[in-house]
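Novice: File follows, start-v5.txt with compact mmCIF, C-alpha atoms and all ligand atoms:
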# COMPACT_ATOMS: atom_id res chain seq x y z
CA MET A 1 77.89 -58.56 23.62
CA ARG A 2 74.83 -60.29 24.95
CA SER A 3 72.82 -62.64 22.82
CA SER A 4 69.59 -61.47 21.28
CA LEU A 5 67.86 -63.94 23.60
CA ALA A 6 68.99 -61.98 26.63
CA ILE A 7 67.68 -58.81 25.06
CA ALA A 8 64.36 -60.43 24.28
CA LEU A 9 64.04 -61.55 27.90
CA ALA A 10 64.48 -58.09 29.26
CA ILE A 11 62.69 -56.03 26.66
CA SER A 12 59.60 -56.73 24.69
CA MET A 13 59.23 -54.38 21.79
CA THR A 14 55.91 -53.31 20.47
CA ALA A 15 55.56 -51.56 17.16
CA ALA A 16 52.92 -48.88 17.34
CA GLY A 17 52.40 -49.31 13.63
CA SER A 18 52.72 -45.75 12.41
CA ALA A 19 54.81 -42.70 12.99
CA VAL A 20 51.97 -41.11 14.83
CA TRP A 21 50.70 -42.77 17.96
CA ALA A 22 47.92 -45.13 17.01
CA GLN A 23 45.81 -47.25 19.27
CA ASN A 24 46.92 -50.81 18.87
CA ALA A 25 45.17 -53.73 20.50
CA GLN A 26 48.50 -55.44 21.12
CA THR A 27 50.07 -52.41 22.73
CA PRO A 28 49.58 -52.09 26.47
CA ALA A 29 48.40 -48.48 26.42
CA PRO A 30 49.96 -46.34 29.13
CA ALA A 31 47.53 -44.08 30.96
CA ALA A 32 46.27 -41.27 28.77
CA ALA A 33 48.65 -42.19 25.95
CA SER A 34 45.81 -43.11 23.68
CA ALA A 35 44.72 -39.49 23.32
CA LYS A 36 44.12 -38.56 19.70
CA CYS A 37 46.82 -36.72 17.84
CA ASP A 38 45.49 -33.72 15.94
CA ASN A 39 48.73 -32.96 14.12
CA PRO A 40 49.07 -35.03 10.93
CA ASN A 41 52.70 -33.93 10.54
CA ALA A 42 53.64 -34.75 14.11
CA LEU A 43 56.88 -36.43 15.09
CA GLY A 44 54.73 -38.95 16.96
CA VAL A 45 55.84 -42.21 18.57
CA ALA A 46 57.36 -44.75 16.19
CA ARG A 47 57.53 -47.58 18.67
CA VAL A 48 56.59 -48.33 22.26
CA VAL A 49 59.19 -50.35 24.14
CA GLN A 50 58.07 -52.09 27.29
CA ILE A 51 60.90 -52.88 29.68
CA ASP A 52 60.79 -55.67 32.23
CA THR A 53 62.93 -54.16 34.97
CA THR A 54 63.32 -57.40 36.95
CA GLY A 55 66.91 -57.53 38.18
CA GLY A 56 67.58 -53.85 37.47
CA PRO A 57 68.82 -53.75 33.87
CA GLY A 58 70.89 -50.70 32.89
CA PHE A 59 70.49 -48.62 29.72
CA GLY A 60 72.61 -45.97 28.04
CA PHE A 61 75.95 -46.78 26.47
CA GLU A 62 77.90 -44.27 28.55
CA HIS A 63 77.72 -46.92 31.30
CA PHE A 64 75.71 -49.96 30.23
CA LYS A 65 76.32 -51.91 27.06
CA ALA A 66 74.16 -55.01 27.53
CA TYR A 67 70.97 -53.85 25.82
CA ASP A 68 71.34 -52.21 22.43
CA PHE A 69 67.60 -51.91 21.88
CA LEU A 70 67.39 -48.93 19.53
CA GLN A 71 67.50 -49.18 15.78
CA ASP A 72 69.19 -46.66 13.51
CA LYS A 73 67.63 -43.19 13.81
CA GLU A 74 65.64 -44.13 16.92
CA VAL A 75 65.73 -41.75 19.86
CA VAL A 76 64.59 -41.92 23.49
CA LEU A 77 64.05 -38.42 24.90
CA THR A 78 64.73 -37.96 28.61
CA PHE A 79 64.24 -34.83 30.71
CA ASP A 80 65.73 -34.53 34.19
CA ASP A 81 65.42 -32.51 37.40
CA GLY A 82 61.80 -31.30 37.16
CA PRO A 83 59.03 -30.75 37.74
CA TRP A 84 59.62 -27.02 37.56
CA PRO A 85 57.10 -24.22 36.97
CA GLY A 86 57.03 -22.92 33.41
CA ASN A 87 59.90 -25.01 32.08
CA THR A 88 58.34 -28.45 32.53
CA GLU A 89 55.05 -27.15 31.18
CA ARG A 90 56.73 -25.79 28.02
CA VAL A 91 58.41 -29.14 27.42
CA LEU A 92 55.04 -30.87 27.93
CA LYS A 93 53.38 -28.54 25.43
CA ALA A 94 56.09 -29.19 22.83
CA LEU A 95 55.72 -32.96 23.30
CA ALA A 96 51.93 -32.73 23.10
CA ASP A 97 52.06 -30.59 19.93
CA GLU A 98 54.21 -33.28 18.32
CA CYS A 99 52.18 -36.15 19.84
CA THR A 100 55.31 -37.68 21.28
CA LYS A 101 56.62 -39.09 24.55
CA ALA A 102 59.64 -38.88 26.82
CA ILE A 103 60.86 -40.08 30.19
CA PHE A 104 60.95 -37.46 32.96
CA PHE A 105 63.47 -38.25 35.71
CA THR A 106 62.05 -36.17 38.52
CA ILE A 107 63.60 -34.94 41.75
CA GLY A 108 61.55 -35.88 44.83
CA LYS A 109 61.71 -32.47 46.47
CA HIS A 110 60.64 -30.77 43.24
CA ALA A 111 57.73 -33.20 42.93
CA GLY A 112 56.74 -32.32 46.49
CA TRP A 113 56.88 -28.59 45.76
CA HIS A 114 54.99 -28.87 42.46
CA PRO A 115 52.69 -31.89 42.56
CA GLU A 116 50.24 -30.15 40.23
CA ILE A 117 52.90 -30.03 37.50
CA LEU A 118 53.88 -33.66 38.00
CA LYS A 119 50.22 -34.61 37.69
CA LYS A 120 50.17 -32.87 34.30
CA VAL A 121 53.19 -34.94 33.22
CA ALA A 122 51.35 -38.11 34.24
CA ALA A 123 48.08 -37.01 32.63
CA ALA A 124 49.93 -36.48 29.35
CA GLY A 125 50.90 -40.16 29.39
CA GLN A 126 54.58 -39.43 29.82
CA THR A 127 56.81 -41.91 31.66
CA ILE A 128 57.93 -40.65 35.07
CA GLY A 129 61.15 -42.08 36.46
CA THR A 130 62.85 -40.88 39.64
CA HIS A 131 66.14 -39.10 40.25
CA THR A 132 66.55 -39.17 44.08
CA TRP A 133 65.03 -37.01 46.78
CA SER A 134 67.43 -34.08 46.73
CA HIS A 135 69.78 -34.65 43.78
CA LYS A 136 72.92 -35.13 45.84
CA ASP A 137 75.84 -37.18 44.59
CA LEU A 138 75.30 -40.57 46.24
CA THR A 139 78.90 -41.78 45.95
CA PRO A 140 80.25 -40.32 49.22
CA MET A 141 77.19 -41.46 51.22
CA THR A 142 76.75 -44.54 53.39
CA PHE A 143 74.58 -47.25 51.92
CA GLU A 144 71.65 -46.31 54.18
CA GLU A 145 71.91 -42.62 53.25
CA GLY A 146 72.00 -43.44 49.55
CA LYS A 147 69.12 -45.87 49.85
CA ALA A 148 67.08 -43.19 51.65
CA GLU A 149 67.79 -40.70 48.83
CA ILE A 150 66.54 -43.23 46.27
CA GLU A 151 63.50 -44.35 48.26
CA LYS A 152 62.43 -40.87 49.33
CA GLY A 153 62.56 -39.85 45.66
CA ILE A 154 60.25 -42.72 44.77
CA ALA A 155 57.97 -41.97 47.74
CA ALA A 156 57.72 -38.26 46.89
CA VAL A 157 56.73 -38.97 43.29
CA SER A 158 54.15 -41.50 44.47
CA VAL A 159 52.61 -39.11 47.00
CA SER A 160 52.67 -36.20 44.52
CA LEU A 161 50.73 -38.30 42.03
CA GLY A 162 48.09 -39.11 44.66
CA ASN A 163 49.65 -42.23 46.22
CA LYS A 164 50.08 -44.03 42.92
CA PRO A 165 52.70 -46.67 42.16
CA VAL A 166 55.69 -45.32 40.24
CA ASP A 167 57.28 -46.19 36.88
CA PRO A 168 60.27 -48.47 37.57
CA PHE A 169 63.05 -46.27 36.18
CA PHE A 170 65.83 -44.40 37.96
CA ARG A 171 68.74 -42.16 36.99
CA PHE A 172 71.62 -41.38 39.37
CA PRO A 173 72.51 -37.69 39.87
CA ALA A 174 75.55 -36.77 37.76
CA LEU A 175 75.46 -40.34 36.37
CA ARG A 176 77.56 -41.53 39.31
CA HIS A 177 76.73 -45.14 40.11
CA PRO A 178 77.79 -46.53 43.52
CA PRO A 179 78.00 -50.35 43.09
CA GLU A 180 76.13 -51.18 46.31
CA LEU A 181 73.22 -48.95 45.27
CA MET A 182 73.19 -50.52 41.81
CA LYS A 183 72.80 -53.86 43.60
CA TYR A 184 70.01 -52.42 45.72
CA LEU A 185 68.12 -51.17 42.65
CA ALA A 186 68.55 -54.59 41.05
CA GLU A 187 66.91 -56.20 44.10
CA ARG A 188 64.20 -53.54 43.93
CA ASN A 189 63.65 -54.37 40.22
CA VAL A 190 64.25 -50.79 39.10
CA GLY A 191 65.79 -50.15 35.67
CA ILE A 192 68.74 -47.75 35.64
CA PHE A 193 69.13 -45.14 32.91
CA SER A 194 72.45 -43.63 32.07
CA THR A 195 72.54 -42.05 28.60
CA ASP A 196 73.92 -42.48 25.12
CA MET A 197 74.55 -38.77 24.78
CA ASP A 198 74.54 -35.91 27.24
CA SER A 199 73.32 -32.65 25.74
CA PHE A 200 75.11 -30.62 28.47
CA ASP A 201 72.13 -28.29 28.14
CA PHE A 202 72.64 -27.08 31.70
CA LYS A 203 75.68 -25.18 30.46
CA MET A 204 73.68 -23.39 27.76
CA ARG A 205 71.67 -20.19 27.93
CA LYS A 206 70.33 -20.08 24.38
CA PRO A 207 67.77 -22.54 22.96
CA ASP A 208 69.67 -22.70 19.63
CA GLN A 209 72.70 -24.06 21.44
CA VAL A 210 70.63 -26.88 22.96
CA VAL A 211 69.15 -27.83 19.59
CA ALA A 212 72.56 -27.73 17.91
CA SER A 213 74.15 -29.82 20.67
CA VAL A 214 71.54 -32.58 20.49
CA MET A 215 71.42 -32.69 16.69
CA LYS A 216 75.21 -32.79 16.39
CA LYS A 217 75.49 -35.64 18.88
CA LEU A 218 72.69 -37.57 17.19
CA GLU A 219 74.40 -37.19 13.83
CA LYS A 220 77.51 -38.71 15.34
CA HIS A 221 75.77 -41.59 17.18
CA GLY A 222 72.95 -42.18 14.68
CA LYS A 223 70.51 -43.09 17.47
CA GLY A 224 70.28 -43.11 21.21
CA ILE A 225 69.00 -42.05 24.61
CA VAL A 226 69.32 -38.26 24.89
CA LEU A 227 69.81 -36.60 28.28
CA MET A 228 68.27 -33.15 28.67
CA HIS A 229 66.72 -31.15 31.53
CA ASP A 230 63.16 -29.89 31.65
CA PHE A 231 64.44 -27.94 34.66
CA GLN A 232 66.50 -25.75 32.30
CA HIS A 233 64.98 -22.64 30.78
CA ALA A 234 66.93 -22.87 27.50
CA THR A 235 65.88 -26.49 27.04
CA ALA A 236 62.23 -25.68 27.63
CA ASP A 237 62.51 -22.93 25.01
CA ALA A 238 64.34 -25.29 22.63
CA ALA A 239 61.97 -28.26 22.93
CA SER A 240 59.53 -27.32 20.18
CA ASP A 241 62.24 -26.51 17.63
CA LEU A 242 64.23 -29.61 18.59
CA LEU A 243 61.27 -31.92 17.97
CA LYS A 244 60.67 -30.34 14.56
CA LYS A 245 64.35 -30.80 13.67
CA LEU A 246 64.22 -34.44 14.78
CA LYS A 247 61.26 -35.01 12.50
CA ALA A 248 62.95 -33.22 9.59
CA GLY A 249 66.12 -35.24 10.19
CA GLY A 250 64.24 -38.53 9.92
CA TYR A 251 64.63 -39.46 13.58
CA LYS A 252 61.95 -41.54 15.27
CA VAL A 253 60.93 -41.37 18.91
CA VAL A 254 60.71 -44.56 20.94
CA GLN A 255 58.45 -44.39 23.98
CA VAL A 256 59.69 -46.37 26.98
CA VAL A 257 57.22 -47.85 29.46
CA GLY A 258 57.71 -50.22 32.38
CA LYS A 259 56.16 -53.66 32.45
CA THR A 260 55.30 -53.24 36.12
CA LYS A 261 55.27 -50.32 38.53
CA ILE A 262 56.98 -50.11 41.90
CA GLU A 263 55.38 -49.31 45.23
CA PRO A 264 56.98 -46.86 47.64
CA ILE A 265 58.12 -48.13 51.05
CA LYS A 266 56.00 -46.80 53.91
CA GLU A 267 58.93 -45.80 56.11
CA TYR A 268 60.16 -43.43 53.40
CA THR A 269 56.70 -42.15 52.51
CA ASP A 270 56.31 -41.21 56.18
CA ALA A 271 59.71 -39.51 56.15
CA VAL A 272 58.82 -37.52 53.03
CA LEU A 273 55.44 -36.44 54.41
CA LYS A 274 57.10 -35.33 57.63
CA GLU A 275 59.80 -33.35 55.83
CA MET A 276 57.31 -31.63 53.58
CA GLY A 277 55.22 -30.72 56.63
CA GLY A 278 52.09 -32.79 56.36
CA GLY A 279 50.64 -33.77 53.05
CA LEU A 280 52.19 -33.06 49.68
CA ASP A 281 48.78 -33.50 48.22
CA GLU A 282 47.62 -30.40 50.01
CA ALA A 283 50.30 -28.25 48.42
CA ARG A 284 48.73 -25.61 46.18
CA PRO A 285 50.26 -23.76 43.27
CA MET A 286 51.93 -20.63 44.61
CA SER A 287 49.79 -18.44 42.35
CA SER A 288 46.67 -19.65 44.13
CA VAL A 289 48.16 -18.87 47.54
CA ILE A 290 49.91 -15.58 46.90
CA GLN A 291 48.76 -12.88 44.53
CA THR A 292 49.96 -9.39 43.91
CA ILE A 293 46.94 -7.12 44.31
CA GLY A 294 48.54 -3.71 44.23
CA GLY A 295 51.70 -1.65 44.03
CA SER A 296 53.66 0.15 41.38
CA SER A 297 54.94 -1.56 38.27
CA ASN A 298 58.52 -1.00 39.46
ZN ZN A 301 69.91 -34.40 37.45
Please, can you express the file's structure as structure tokens?
Ligand SMILES: [Zn+2]

Specialist:
Amino acid sequence: MRSSLAIALAISMTAAGSAVWAQNAQTPAPAAASAKCDNPNALGVARVVQIDTTGGPGFGFEHFKAYDFLQDKEVVLTFDDGPWPGNTERVLKALADECTKAIFFTIGKHAGWHPEILKKVAAAGQTIGTHTWSHKDLTPMTFEEGKAEIEKGIAAVSVSLGNKPVDPFFRFPALRHPPELMKYLAERNVGIFSTDMDSFDFKMRKPDQVVASVMKKLEKHGKGIVLMHDFQHATADAASDLLKKLKAGGYKVVQVVGKTKIEPIKEYTDAVLKEMGGGLDEARPMSSVIQTIGGSSN
């Protein structure tokens, strides 16, 4: 166990003051997070936790036990593998309806294909971590290959958001953590998220199963970082019901923000732009490029 001093050095906690997000002079407001909440019964954000990612601290008891920063009944919601048309937007709507926040661990290629969706995630004041360029298992790769997967993921998110710096959080695909890449992320001052509980939502087809899985695991653990996928259809359908059940169960959402952002490295930004064929920023939603204008309904 680490001392509470070590925890205090890495994490500064900021109480938002009420169950519903409230503007607080002492809270460093993330972009757009200060939007008014119209739902008086919303799940809301109980607390905003700002993480200083210097030295690459790890979170999530499946792999990292140094920082036990959640109190009983506190939950950090995380959604992986987006942005994805429809699904990510349904998760965003559910979060907005409940005036609450999550971390989205996005795949670089998906960000490049759907920059307009990632911009919506950012505009909603959600935290956007990265999850590599192409979601491959990094363990069999050389160090340089693994580093490129990480950096191209960061670069793609940056470019997709209009060349903005990126929130300093990363999750390894399949939660497989090569030691040399952990060391690299530490030097890069990127915080690493494992999880406290994996919903295994990617194995589920029905929204009810996703809700039941998360609630059952939370009952067992009492609190924790929950791994889900906004990429998954069933999860997107489950999000609204899940948030209502969390509220009814007395759980409280903790919003996680970084103390500083990270800048992409030019070499990898260039590589990403080249692979995506020019400028990600110029990518348009498919519906604006291709429309069905005739034919039979079959
Ligand atoms: Zn993933």

Novice: Using only C-alpha atoms and all ligand atoms, find each protein or nucleic acid residue lying at most 7 Å from ligand ZN 301 (chain A); present the set as a list in words.

Specialist: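 Counting only C-alpha atoms and all ligand atoms, the residues within 7 Å of ligand ZN 301 (chain A) come out as Asp80, Asp81, His131, His135, Pro173 and Ala174 of chain A.
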
Novice: If I take atom CA of Leu70 of chain A and atom CA of Lys203 of chain A, how far is one from the other in Å, to one decimal?

Specialist: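 Computed distance, atom CA of Leu70 of chain A to atom CA of Lys203 of chain A, equals 27.4 Å.
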
Novice: Can you measure atom CA of Asp68 of chain A to atom CA of Leu175 of chain A for me? One decimal in Å is fine.

Specialist: 18.8 Å

Novice: Determine the nearest neighbour of Ile150 of chain A from the options A:Leu118, A:Ala234, A:Leu185, A:Ile128, counting all atoms listed in the file.

Specialist: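 Distance minimum relative to Ile150 of chain A lands on A:Leu185.
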
Novice: Can you work out the spacing between atom CA of Lys65 of chain A and atom CA of Met197 of chain A in Å, to one decimal?

Specialist: 13.5 Å

Novice: Between A:Thr130, A:Asn87, A:Ser213, A:Gln50, which one has atoms that come closest to Pro264 of chain A, using all atoms listed in the file?

Specialist: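 That would be A:Thr130, the residue with the smallest distance to Pro264 of chain A.
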